[in-house]
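K.L.:
The structure that follows is given in the form of structure tokens.
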Amino acid sequence: MNTLIAYATKYGCAQKCVLELSNELKGKVEIVNLKEKTNVNLSKFDRVIIGGSIYMGKIQKEVTDFINRNLDVLLSKETGLFICGMQEGDMLEKEIKENFPSDLISRSKTVKYFGGEFIFNKMNFMEKVIVKKVSKITSDKSYIQHSNIKKFAEDFNSKYQ
Ligand SMILES: Cc1cc2nc3c(=O)[nH]c(=O)nc-3n(C[C@H](O)[C@H](O)[C@H](O)COP(=O)(O)O)c2cc1C
């Protein structure tokens with residue numbers, strides 16, 4: 001089984017999650033950062049995992065563009081989807097629904113939220129102001145959901161043997 005993980009990140013949290021996930025997956029795994037490479041030949045992959053992080057309700061444009069360009073092919077593959085973000089509860093479901101096409105969500109074997117991080121010295125001035133105002137969080141916080149990453153890998157591994 002050849003698996004592609006195609007992702008985007010701004011400050012590295014989604015990349016951390018992708019590396020953690022790739023270590024848990026069975027078979028050959030190739031990782032592509034969609035901010036560095038947009039043209040990916042999907043024909044050699046049986047399974048494709050796609051994800052990114054959420055800013056002001058939206059996933060990176062590179063992720064949306066990748067999905068839109070390849071939607072027909074993606075719908076014929078085994079897929080999994082994830083987001084990184086700091087929202088909680090019902091908002092997570094909403095963010096997933098608003099950032100991936102509904103047919104891709106319903107056809108995907110696994111769709112999960114991997115949590116997120118606030119690292120203030122990586123943010124620009126405006127981002128710091130927004131985060132402090134909206135979340136009321138004022139110092140670094142890591143909220144990566146390692147158990148969800150593990151569960152994602154377990155779902156994916158068990159369904160594709
Ligand atoms: C300016 C700003 C806006 C954000 N907006 C959202 C949001 O709308 N929803 C959410 O779940 N997380 C939001 N976050 C949290 C990020 O998704 C989180 O920090 C994530 O870990 C970033 O991942 P990355 O380092 O891979 O880009 C926001 C963070 C910043 C700095």
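Going by the structure tokens order, chains are called A, B, ..., each with residues numbered from 1, while ligands are numbered from 1 in the order shown.
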Lys58 (chain A): which residues within 9 Å, counting only C-alpha atoms, same-chain residues fewer than 6 positions away excluded, as a PDB file with N, CA and C atoms, in the first residue's frame?

P.N.:
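Here's the written file selection.pdb:
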ATOM      1  N   GLU A  95     -16.050  23.326  11.109  1.00  0.00           N
ATOM      2  CA  GLU A  95     -14.838  23.648  10.338  1.00  0.00           C
ATOM      3  C   GLU A  95     -14.522  22.543   9.330  1.00  0.00           C
ATOM      4  N   GLU A  98     -17.075  22.802   6.479  1.00  0.00           N
ATOM      5  CA  GLU A  98     -16.920  23.986   5.624  1.00  0.00           C
ATOM      6  C   GLU A  98     -15.633  23.975   4.797  1.00  0.00           C
ATOM      7  N   ASN A  99     -14.713  23.082   5.136  1.00  0.00           N
ATOM      8  CA  ASN A  99     -13.421  23.133   4.457  1.00  0.00           C
ATOM      9  C   ASN A  99     -13.125  21.953   3.538  1.00  0.00           C
TER      10      ASN A  99
END

K.L.:
Would you list the contacts of Gln87 (chain A) as a count of residues only, taking every protein, DNA or RNA residue within 12 Å and counting only C-alpha atoms, but skipping same-chain residues closer than 5 positions in sequence?

P.N.:
21

K.L.:
Can you measure CA of Phe82 (chain A) to CA of Lys112 (chain A) for me? One decimal in Å is fine.

P.N.:
4.8 Å

K.L.:
Name all residues at most 10 Å from Asn23 (chain A) (count only C-alpha atoms; drop same-chain ones fewer than 5 positions away) and give them as a list in words.

P.N.:
Val18, Val29, Lys150 and Ala153 of chain A

K.L.:
So how many Å separate CA of Ser142 (chain A) and CA of Cys84 (chain A), to one decimal?

P.N.:
11.4 Å

K.L.:
Find the distance between CA of Leu104 (chain A) and CA of Cys13 (chain A) and write it in Å to one decimal.

P.N.:
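According to the coordinates, CA of Leu104 (chain A) and CA of Cys13 (chain A) are separated by 23.6 Å.
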
K.L.:
As a tab-separated table (two decimals) with N, CA and C atoms, in the first residue's frame, list the residues of region 8-53 of chain A assigned to alpha helix (DSSP H) by DSSP on the backbone atoms of this structure.

P.N.:
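Full text of states_37.tsv as output:
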chain	number	residue	atom	x	y	z
A	13	CYS	N	2.62	23.22	13.07
A	13	CYS	CA	1.86	22.27	13.88
A	13	CYS	C	1.34	21.11	13.02
A	14	ALA	N	0.75	21.44	11.87
A	14	ALA	CA	0.22	20.37	11.00
A	14	ALA	C	1.36	19.45	10.56
A	15	GLN	N	2.54	20.02	10.36
A	15	GLN	CA	3.68	19.19	9.95
A	15	GLN	C	4.07	18.20	11.06
A	16	LYS	N	4.07	18.70	12.30
A	16	LYS	CA	4.35	17.81	13.44
A	16	LYS	C	3.37	16.65	13.48
A	17	CYS	N	2.08	17.00	13.29
A	17	CYS	CA	1.03	15.97	13.34
A	17	CYS	C	1.21	14.96	12.21
A	18	VAL	N	1.59	15.47	11.03
A	18	VAL	CA	1.78	14.59	9.88
A	18	VAL	C	2.94	13.62	10.14
A	19	LEU	N	4.02	14.11	10.73
A	19	LEU	CA	5.16	13.23	11.00
A	19	LEU	C	4.77	12.15	12.02
A	20	GLU	N	4.02	12.58	13.04
A	20	GLU	CA	3.55	11.62	14.05
A	20	GLU	C	2.66	10.56	13.38
A	21	LEU	N	1.75	11.03	12.53
A	21	LEU	CA	0.84	10.11	11.85
A	21	LEU	C	1.61	9.14	10.94
A	22	SER	N	2.58	9.67	10.20
A	22	SER	CA	3.29	8.83	9.24
A	22	SER	C	4.03	7.70	9.95
A	23	ASN	N	4.50	7.97	11.18
A	23	ASN	CA	5.19	6.93	11.94
A	23	ASN	C	4.26	5.80	12.38
A	24	GLU	N	2.98	6.09	12.42
A	24	GLU	CA	2.00	5.09	12.88
A	24	GLU	C	1.40	4.29	11.72

K.L.:
Point out the residue among A:Val48, A:Val73, A:Leu25, A:Val32 with the least atom-to-atom distance to Phe152 (chain A), counting only C-alpha atoms.

P.N.:
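For Phe152 (chain A), the nearest of the candidates is A:Leu25.
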
K.L.:
Compare A:Met91, A:Val111, A:Ile149, A:Ile105 by their minimum atom-to-atom distance to ligand 1, counting only C-alpha atoms and all ligand atoms, and give me the closest one.

P.N.:
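Result for the nearest residue to ligand 1: A:Met91.
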
K.L.:
Let me make sure I understand: among A:Glu62, A:Lys77, A:Asp155, A:Arg69, which one has the smallest atom-to-atom distance to Met1 (chain A) if we use only C-alpha atoms?

P.N.:
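Checking each candidate against Met1 (chain A), we get A:Lys77 as the closest.
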
K.L.:
Quick one: everything within 9 Å of Leu34 (chain A), counting only C-alpha atoms, minus sequence neighbours fewer than 5 positions away in the same chain. Send it as a PyMOL selection string.

P.N.:
chain A and resi 6-9+39-40+62-63+66

K.L.:
With distances taken over only C-alpha atoms, which of A:Lys28, A:Asp140, A:Glu154, A:Lys97 is nearest to Met123 (chain A)?

P.N.:
A:Asp140

K.L.:
Nearest residue to ligand 1 out of A:Ile31, A:Met126, A:Leu4, A:Leu81, using only C-alpha atoms and all ligand atoms?

P.N.:
A:Met126

K.L.:
From the options A:Gly52, A:Gly85, A:Gly80, A:Gly27, which residue's atoms come nearest to ligand 1, counting only C-alpha atoms and all ligand atoms?

P.N.:
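Looking only at the distances to ligand 1, the closest residue turns out to be A:Gly85.
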
K.L.:
For the strand (DSSP E or B) assignment from backbone DSSP, which residues of chain A qualify? Please present them as a ChimeraX atom specification.

P.N.:
/A:2-7,28-33,47-55,58-59,78-84,110-113,117-118,141-142

K.L.:
May I have the residues from that selection written out with N, CA and C atoms, as a CSV table (one decimal), in the first residue's frame?

P.N.:
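Produced file part.csv, reproduced below:
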chain,number,residue,atom,x,y,z
A,2,ASN,N,0.6,2.1,-1.0
A,2,ASN,CA,1.3,3.4,-1.0
A,2,ASN,C,0.4,4.5,-0.5
A,3,THR,N,0.9,5.2,0.5
A,3,THR,CA,0.0,6.3,1.0
A,3,THR,C,0.7,7.7,0.8
A,4,LEU,N,-0.1,8.6,0.3
A,4,LEU,CA,0.4,10.0,0.2
A,4,LEU,C,-0.3,10.8,1.3
A,5,ILE,N,0.5,11.6,2.0
A,5,ILE,CA,0.0,12.6,2.9
A,5,ILE,C,0.3,14.0,2.3
A,6,ALA,N,-0.8,14.7,1.9
A,6,ALA,CA,-0.6,16.0,1.3
A,6,ALA,C,-1.2,17.0,2.3
A,7,TYR,N,-0.3,18.0,2.7
A,7,TYR,CA,-0.7,18.9,3.8
A,7,TYR,C,-0.2,20.3,3.6
A,28,LYS,N,4.2,2.0,2.7
A,28,LYS,CA,5.1,3.1,2.3
A,28,LYS,C,4.3,4.4,2.4
A,29,VAL,N,4.9,5.4,3.0
A,29,VAL,CA,4.2,6.7,3.1
A,29,VAL,C,5.1,7.8,2.5
A,30,GLU,N,4.5,8.6,1.6
A,30,GLU,CA,5.2,9.8,1.0
A,30,GLU,C,4.5,11.0,1.5
A,31,ILE,N,5.2,12.0,1.9
A,31,ILE,CA,4.7,13.3,2.5
A,31,ILE,C,5.0,14.4,1.5
A,32,VAL,N,3.9,15.2,1.2
A,32,VAL,CA,4.1,16.4,0.3
A,32,VAL,C,3.5,17.6,1.0
A,33,ASN,N,4.4,18.6,1.2
A,33,ASN,CA,4.0,19.9,1.7
A,33,ASN,C,3.4,20.7,0.5
A,47,ARG,N,-3.8,5.3,-1.4
A,47,ARG,CA,-4.5,6.0,-0.3
A,47,ARG,C,-3.9,7.4,-0.2
A,48,VAL,N,-4.8,8.3,0.0
A,48,VAL,CA,-4.4,9.7,0.1
A,48,VAL,C,-5.0,10.4,1.4
A,49,ILE,N,-4.1,10.9,2.2
A,49,ILE,CA,-4.6,11.7,3.4
A,49,ILE,C,-4.3,13.2,3.1
A,50,ILE,N,-5.3,14.0,3.4
A,50,ILE,CA,-5.2,15.4,3.1
A,50,ILE,C,-5.6,16.2,4.4
A,51,GLY,N,-4.8,17.2,4.7
A,51,GLY,CA,-5.1,18.1,5.8
A,51,GLY,C,-4.4,19.4,5.8
A,52,GLY,N,-4.7,20.2,6.8
A,52,GLY,CA,-4.1,21.5,7.0
A,52,GLY,C,-4.6,22.1,8.2
A,53,SER,N,-4.2,23.4,8.4
A,53,SER,CA,-4.6,24.1,9.7
A,53,SER,C,-5.6,25.2,9.3
A,54,ILE,N,-6.4,25.5,10.3
A,54,ILE,CA,-7.5,26.5,10.1
A,54,ILE,C,-7.1,27.9,10.6
A,55,TYR,N,-7.3,28.9,9.8
A,55,TYR,CA,-7.1,30.3,10.2
A,55,TYR,C,-8.3,31.1,9.8
A,58,LYS,N,-10.8,29.1,7.9
A,58,LYS,CA,-10.4,28.5,6.6
A,58,LYS,C,-9.1,27.7,6.6
A,59,ILE,N,-9.2,26.6,5.9
A,59,ILE,CA,-8.0,25.8,5.7
A,59,ILE,C,-7.1,26.5,4.6
A,78,GLU,N,-8.8,5.6,-1.6
A,78,GLU,CA,-9.1,5.5,-0.2
A,78,GLU,C,-8.6,6.8,0.4
A,79,THR,N,-9.4,7.5,1.1
A,79,THR,CA,-9.0,8.8,1.6
A,79,THR,C,-9.2,9.0,3.1
A,80,GLY,N,-8.4,9.9,3.7
A,80,GLY,CA,-8.6,10.3,5.1
A,80,GLY,C,-8.4,11.8,5.1
A,81,LEU,N,-9.1,12.5,6.0
A,81,LEU,CA,-9.0,14.0,6.1
A,81,LEU,C,-8.7,14.4,7.6
A,82,PHE,N,-7.9,15.5,7.7
A,82,PHE,CA,-7.7,16.0,9.1
A,82,PHE,C,-7.6,17.5,9.0
A,83,ILE,N,-7.9,18.1,10.2
A,83,ILE,CA,-7.6,19.5,10.4
A,83,ILE,C,-6.9,19.7,11.7
A,84,CYS,N,-6.0,20.8,11.7
A,84,CYS,CA,-5.5,21.3,12.9
A,84,CYS,C,-6.1,22.6,13.3
A,110,THR,N,-11.7,8.0,7.3
A,110,THR,CA,-11.4,8.6,8.6
A,110,THR,C,-11.3,10.1,8.4
A,111,VAL,N,-12.0,10.8,9.3
A,111,VAL,CA,-11.9,12.3,9.3
A,111,VAL,C,-11.7,12.7,10.7
A,112,LYS,N,-10.6,13.4,11.0
A,112,LYS,CA,-10.4,13.7,12.4
A,112,LYS,C,-9.8,15.1,12.6
A,113,TYR,N,-9.9,15.5,13.8
A,113,TYR,CA,-9.3,16.8,14.3
A,113,TYR,C,-8.1,16.5,15.1
A,117,GLU,N,-1.8,24.3,18.2
A,117,GLU,CA,-0.9,25.0,19.1
A,117,GLU,C,-1.0,26.5,18.9
A,118,PHE,N,-0.8,27.3,20.0
A,118,PHE,CA,-0.6,28.7,19.9
A,118,PHE,C,0.9,28.9,20.3
A,141,LYS,N,0.4,27.6,24.1
A,141,LYS,CA,-0.5,26.5,24.5
A,141,LYS,C,-0.3,25.4,23.4
A,142,SER,N,0.0,24.2,23.8
A,142,SER,CA,0.0,23.1,22.9
A,142,SER,C,-1.2,22.1,23.2
